[in-house]
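Asker: Quick one: the structure is below, questions incoming.
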Amino acid sequence: MIERLPKFPWDVLFPYRRRAAAHPDGLVNLALGDPVDPTPPAVRAALAAAADAPGYPSTEGTPALRAAAAAWLLRREGVTVEPDAVIPAVGTKELIAWLPTMLGLGPGDIVLVPELAFPTYEVSARLAGAKLVRTDSPLTYDGPAPRVLWLNSPSNPEGRVLGTAELRAIVAWAREQGTLVVNDECYLDHVWEGGTRSVLHPEVSGGSHRGVLAVHSLSKRSNLAGYRAGFAAGDPDVIATLLEVRKHAGQMVPAPVQAAMVAALGDDSHLAQQREHYARRRAVLRQALVDNGFRIDHSAGALFLWATRDEPCWTTVGALADLGILVAPGEFYGAAGARHVRVAVTETDERVEQAVKRLAEGC
């Protein structure tokens with residue numbers, strides 16, 4: 001199994017992290033996109049109140065959690081799903097990594113992923129032993145029908161946002177192919193320019209969720225990365241298959257975390273506050289990068305700036321590491337990222353201001 005996997009990207013970056021950490025004023029980590037702001041008090045209170053949990057949690061999620069996810073999708077995204085078409089995940093990364101395997105893909109099956117993509121989509125194909133194919137748009141792909149198509153809108157790393165018409169066309173194309181469309185919507189609450197829809201929205205799906213799945217994470221929207229809290233919703237038959245496999249594998253979200261998810265999904269006020277934090281940091285970093293010789297491409301959504309100085313990405317990574325700033329090389333996300341770096345906007349205000357100061361002094 002291990003021979004199928006690429007080298008873990010963040011291990012490759014470690015020497016640059018050490019180099020950046022040697023800066024007299026410490027490391028400014030703009031590589032990981034790791035939430036740093038407090039977990040909402042109501043969520044922490046719900047976790048603590050459910051801490052006495054001697055029994056095994058339910059793989060399918062508590063009725064309260066499934067209902068909360070369905071209510072959130074309706075309230076926030078205009079999407080109607082039945083609670084039994086929702087399944088919780090131990091963080092969406094594990095669900096993404098194992099989804100093709102859980103659906104029975106293997107050698108000879110194709111997993112289609114974006115040209116630039118979160119590395120775990122590639123890992124999902126490798127773990128299943130399936131064939132990975134990258135494409136800039138599924139609508140231009142003309143090979144054998146894929147079994148699974150990964151979308152990510154708004155996207156990591158470059159912040160592309162797919163419009164409703166394009167999403168609708170992709171879903172229609174996939175249904176003709178018999179392909180499952182899975183949209184990783186973890187940044188759906190973080191669109192800064194223009195707009196987009198959930199892949200489950202009736203304007204995209206035509207009112208049917210056949211062959212369509214959406215994956216949602218609470219890591220960024222609610223600062224729950226440490227809780228490992230997410231869920232998938234959509235095609236009831238696909239959800240039922242995932243549930244059956246996950247019951248056998250013991251992939252269960254801890255009961256206190258499920259209670260915390262209910263609280264997070266039921267409260268929109270903390271999301272509004274968090275968006276303000278990220279919007280401010282994004283604006284400040286974007287201006288600083290542009291003022292100091294960078295071009296920002298795409299970046300209409302998500303929590304990253306896709307930046308370039310038209311040089312090899314590792315050259316940029318090294319130069320910024322000398323300023324005590326760590327960023328992610330674009331090559332982590334595909335060969336098309338070889339001349340870009342991904343700059344996260346999730347650091348504290350104080351660290352962002354440090355980055356601005358160092359860019360002005362050093363670039």
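Ordered as shown in the structure tokens, chains take letters A, B, and onward, while each chain numbers its residues from 1 and ligands are numbered from 1 in the order shown.
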So which bits of stretch 138-306 of chain A end up strand (DSSP E or B) when you DSSP the backbone, as JSON, numbers by chain?
Answerer: {"A": [148, 149, 150, 151, 180, 181, 182, 183, 184, 191, 212, 213, 214, 215, 216, 217, 230, 231, 232, 233, 234, 295, 296, 297, 301, 304, 305, 306]}
Asker: Residues within 9 Å of stretch 99-104 of chain A, please, as number ranges by chain. Count only C-alpha atoms; anything in the same chain fewer than 2 positions from it doesn't count.
Answerer: A: 94-97, 106, 111, 124-125, 127-130, 147-148, 238, 241-242, 245-246
Asker: Output N, CA and C atoms for every residue in the selection just made, as a PDB file, in the first residue's frame.
Answerer:
ATOM      1  N   GLU A  94     -10.257  12.273   5.888  1.00  0.00           N
ATOM      2  CA  GLU A  94     -10.312  10.814   5.863  1.00  0.00           C
ATOM      3  C   GLU A  94     -11.410  10.327   4.917  1.00  0.00           C
ATOM      4  N   LEU A  95     -12.532  11.026   4.884  1.00  0.00           N
ATOM      5  CA  LEU A  95     -13.612  10.635   3.986  1.00  0.00           C
ATOM      6  C   LEU A  95     -13.166  10.760   2.531  1.00  0.00           C
ATOM      7  N   ILE A  96     -12.490  11.865   2.215  1.00  0.00           N
ATOM      8  CA  ILE A  96     -11.990  12.071   0.858  1.00  0.00           C
ATOM      9  C   ILE A  96     -10.985  10.988   0.482  1.00  0.00           C
ATOM     10  N   ALA A  97     -10.054  10.715   1.387  1.00  0.00           N
ATOM     11  CA  ALA A  97      -8.995   9.755   1.090  1.00  0.00           C
ATOM     12  C   ALA A  97      -9.539   8.356   0.800  1.00  0.00           C
ATOM     13  N   GLY A 106     -11.200   0.214  -8.093  1.00  0.00           N
ATOM     14  CA  GLY A 106      -9.946  -0.518  -8.100  1.00  0.00           C
ATOM     15  C   GLY A 106      -9.230  -0.331  -9.419  1.00  0.00           C
ATOM     16  N   VAL A 111     -10.345   7.947 -11.622  1.00  0.00           N
ATOM     17  CA  VAL A 111     -10.719   9.039 -10.735  1.00  0.00           C
ATOM     18  C   VAL A 111     -10.224  10.325 -11.384  1.00  0.00           C
ATOM     19  N   SER A 124      -6.650   9.578  -2.816  1.00  0.00           N
ATOM     20  CA  SER A 124      -7.850   8.737  -2.834  1.00  0.00           C
ATOM     21  C   SER A 124      -7.802   7.729  -3.980  1.00  0.00           C
ATOM     22  N   ALA A 125      -7.304   8.158  -5.131  1.00  0.00           N
ATOM     23  CA  ALA A 125      -7.173   7.243  -6.262  1.00  0.00           C
ATOM     24  C   ALA A 125      -6.090   6.210  -5.999  1.00  0.00           C
ATOM     25  N   LEU A 127      -4.922   5.069  -3.110  1.00  0.00           N
ATOM     26  CA  LEU A 127      -5.309   4.097  -2.088  1.00  0.00           C
ATOM     27  C   LEU A 127      -6.224   3.017  -2.670  1.00  0.00           C
ATOM     28  N   ALA A 128      -7.068   3.392  -3.612  1.00  0.00           N
ATOM     29  CA  ALA A 128      -7.975   2.431  -4.235  1.00  0.00           C
ATOM     30  C   ALA A 128      -7.295   1.616  -5.334  1.00  0.00           C
ATOM     31  N   GLY A 129      -6.081   2.020  -5.720  1.00  0.00           N
ATOM     32  CA  GLY A 129      -5.423   1.364  -6.839  1.00  0.00           C
ATOM     33  C   GLY A 129      -6.030   1.751  -8.180  1.00  0.00           C
ATOM     34  N   ALA A 130      -6.787   2.853  -8.203  1.00  0.00           N
ATOM     35  CA  ALA A 130      -7.432   3.312  -9.427  1.00  0.00           C
ATOM     36  C   ALA A 130      -6.488   4.212 -10.223  1.00  0.00           C
ATOM     37  N   ARG A 147     -15.194   6.857 -12.783  1.00  0.00           N
ATOM     38  CA  ARG A 147     -16.161   6.427 -11.771  1.00  0.00           C
ATOM     39  C   ARG A 147     -16.458   7.548 -10.786  1.00  0.00           C
ATOM     40  N   VAL A 148     -15.398   8.336 -10.464  1.00  0.00           N
ATOM     41  CA  VAL A 148     -15.532   9.440  -9.507  1.00  0.00           C
ATOM     42  C   VAL A 148     -14.893  10.679 -10.095  1.00  0.00           C
ATOM     43  N   VAL A 238     -25.577   6.374  -2.375  1.00  0.00           N
ATOM     44  CA  VAL A 238     -24.145   6.493  -2.084  1.00  0.00           C
ATOM     45  C   VAL A 238     -23.924   6.615  -0.577  1.00  0.00           C
ATOM     46  N   THR A 241     -24.231   3.252   1.031  1.00  0.00           N
ATOM     47  CA  THR A 241     -23.043   2.426   0.814  1.00  0.00           C
ATOM     48  C   THR A 241     -21.916   2.844   1.742  1.00  0.00           C
ATOM     49  N   LEU A 242     -21.682   4.136   1.836  1.00  0.00           N
ATOM     50  CA  LEU A 242     -20.635   4.630   2.730  1.00  0.00           C
ATOM     51  C   LEU A 242     -20.924   4.217   4.175  1.00  0.00           C
ATOM     52  N   VAL A 245     -20.073   0.457   4.809  1.00  0.00           N
ATOM     53  CA  VAL A 245     -18.629   0.212   4.899  1.00  0.00           C
ATOM     54  C   VAL A 245     -18.067   0.809   6.185  1.00  0.00           C
ATOM     55  N   ARG A 246     -18.492   2.005   6.520  1.00  0.00           N
ATOM     56  CA  ARG A 246     -17.948   2.687   7.691  1.00  0.00           C
ATOM     57  C   ARG A 246     -18.357   1.991   8.989  1.00  0.00           C
TER      58      ARG A 246
END
Asker: Which residues of stretch 300-349 of chain A have any atom within 10 Å of an atom in stretch 3-20 of chain A when counting only C-alpha atoms, and what is the closest pair of atoms for each, with the distance in Å to one decimal? Order the rows by chain and rising number and write it as a tab-separated table.
Answerer:
residue	atom	partner	partner_atom	distance
A:Trp314	CA	A:Tyr16	CA	9.7
A:Val317	CA	A:Tyr16	CA	7.5
A:Gly318	CA	A:Tyr16	CA	6.7
A:Ala319	CA	A:Ala20	CA	9.6
A:Leu320	CA	A:Ala20	CA	7.8
A:Ala321	CA	A:Ala20	CA	4.3
A:Asp322	CA	A:Ala20	CA	5.9
A:Leu323	CA	A:Ala20	CA	6.7
A:Gly324	CA	A:Ala20	CA	3.9
A:Ile325	CA	A:Ala20	CA	5.8
A:Leu326	CA	A:Arg17	CA	6.1
A:Val327	CA	A:Arg17	CA	8.9
A:Ala328	CA	A:Leu13	CA	7.8
A:Pro329	CA	A:Leu13	CA	8.5
A:Glu331	CA	A:Pro9	CA	9.5
A:Phe332	CA	A:Pro9	CA	6.4
A:Tyr333	CA	A:Pro9	CA	9.4
Asker: Enumerate, in order of chain and increasing residue number, the residues of stretch 88-189 of chain A with an atom no farther than 12 Å from stretch 27-38 of chain A, each with its shortest atom pair and distance in Å to one decimal, counting only C-alpha atoms, as a Markdown table.
Answerer:
| residue | atom | partner | partner_atom | distance |
| --- | --- | --- | --- | --- |
| A:Phe118 | CA | A:Leu32 | CA | 11.9 |
| A:Asn156 | CA | A:Gly33 | CA | 10.3 |
| A:Pro157 | CA | A:Gly33 | CA | 10.4 |
| A:Tyr187 | CA | A:Gly33 | CA | 11.8 |
Asker: If you keep N, CA, C and O atoms, can you produce a file of those selected residues as a PDB file, in the first residue's frame?
Answerer:
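Full text of selection.pdb as output:
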ATOM      1  N   PHE A 118      -6.101  19.831  -4.097  1.00  0.00           N
ATOM      2  CA  PHE A 118      -5.774  19.315  -2.772  1.00  0.00           C
ATOM      3  C   PHE A 118      -5.188  17.907  -2.940  1.00  0.00           C
ATOM      4  O   PHE A 118      -5.793  17.047  -3.589  1.00  0.00           O
ATOM      5  N   ASN A 156      -8.973  24.862  -3.422  1.00  0.00           N
ATOM      6  CA  ASN A 156      -7.636  24.865  -2.849  1.00  0.00           C
ATOM      7  C   ASN A 156      -6.737  24.216  -3.906  1.00  0.00           C
ATOM      8  O   ASN A 156      -7.038  23.094  -4.345  1.00  0.00           O
ATOM      9  N   PRO A 157      -5.693  24.888  -4.426  1.00  0.00           N
ATOM     10  CA  PRO A 157      -5.035  26.033  -3.814  1.00  0.00           C
ATOM     11  C   PRO A 157      -5.353  27.406  -4.425  1.00  0.00           C
ATOM     12  O   PRO A 157      -5.085  28.418  -3.802  1.00  0.00           O
ATOM     13  N   TYR A 187     -14.937  25.319   1.589  1.00  0.00           N
ATOM     14  CA  TYR A 187     -14.763  26.778   1.573  1.00  0.00           C
ATOM     15  C   TYR A 187     -15.991  27.502   1.028  1.00  0.00           C
ATOM     16  O   TYR A 187     -15.895  28.659   0.621  1.00  0.00           O
TER      17      TYR A 187
END
Asker: To one decimal place, how far is atom CA of A:Arg280 from atom CA of A:Glu361 in Å?
Answerer: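 Taking atom CA of A:Arg280 and atom CA of A:Glu361, their separation equals 21.5 Å.
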Asker: Can you tell me which residues surround A:Ala336 at a distance of at most 8 Å, considering only C-alpha atoms, apart from same-chain residues fewer than 6 positions away, and format the answer as a PyMOL selection string?
Answerer: chain A and resi 115-116+330
Asker: For the residues in the current selection, export N, CA and C atoms as a CSV table (one decimal), in the first residue's frame.
Answerer:
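Printed below is out32.csv as written:
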chain,number,residue,atom,x,y,z
A,115,GLU,N,-6.7,19.8,-12.4
A,115,GLU,CA,-5.3,20.0,-12.7
A,115,GLU,C,-4.5,20.4,-11.5
A,116,LEU,N,-5.0,21.4,-10.8
A,116,LEU,CA,-4.4,21.8,-9.5
A,116,LEU,C,-5.4,21.4,-8.4
A,330,GLY,N,3.6,25.7,-5.1
A,330,GLY,CA,2.5,25.3,-5.9
A,330,GLY,C,2.6,23.9,-6.5
Asker: Between atom CA of A:Ala22 and atom CA of A:Arg342, measure the distance and give it in Å to one decimal.
Answerer: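 Separating atom CA of A:Ala22 from atom CA of A:Arg342 is a distance of 21.2 Å.
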Asker: Report as a VMD selection string: the residues of stretch 34-237 of chain A with a DSSP assignment of helix (DSSP H, G or I), based on the backbone of this structure.
Answerer: chain A and resid 41 to 49 63 to 77 83 to 85 92 to 102 119 to 128 138 to 140 164 to 177 202 to 205 225 to 227 236 to 237
Asker: Please determine, counting only C-alpha atoms, which residue among A:Glu353, A:Ala249, A:Pro144, A:Ala259 has the shortest atom-to-atom distance to A:Trp98.
Answerer: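 Under the stated criterion, the closest residue is A:Ala249.
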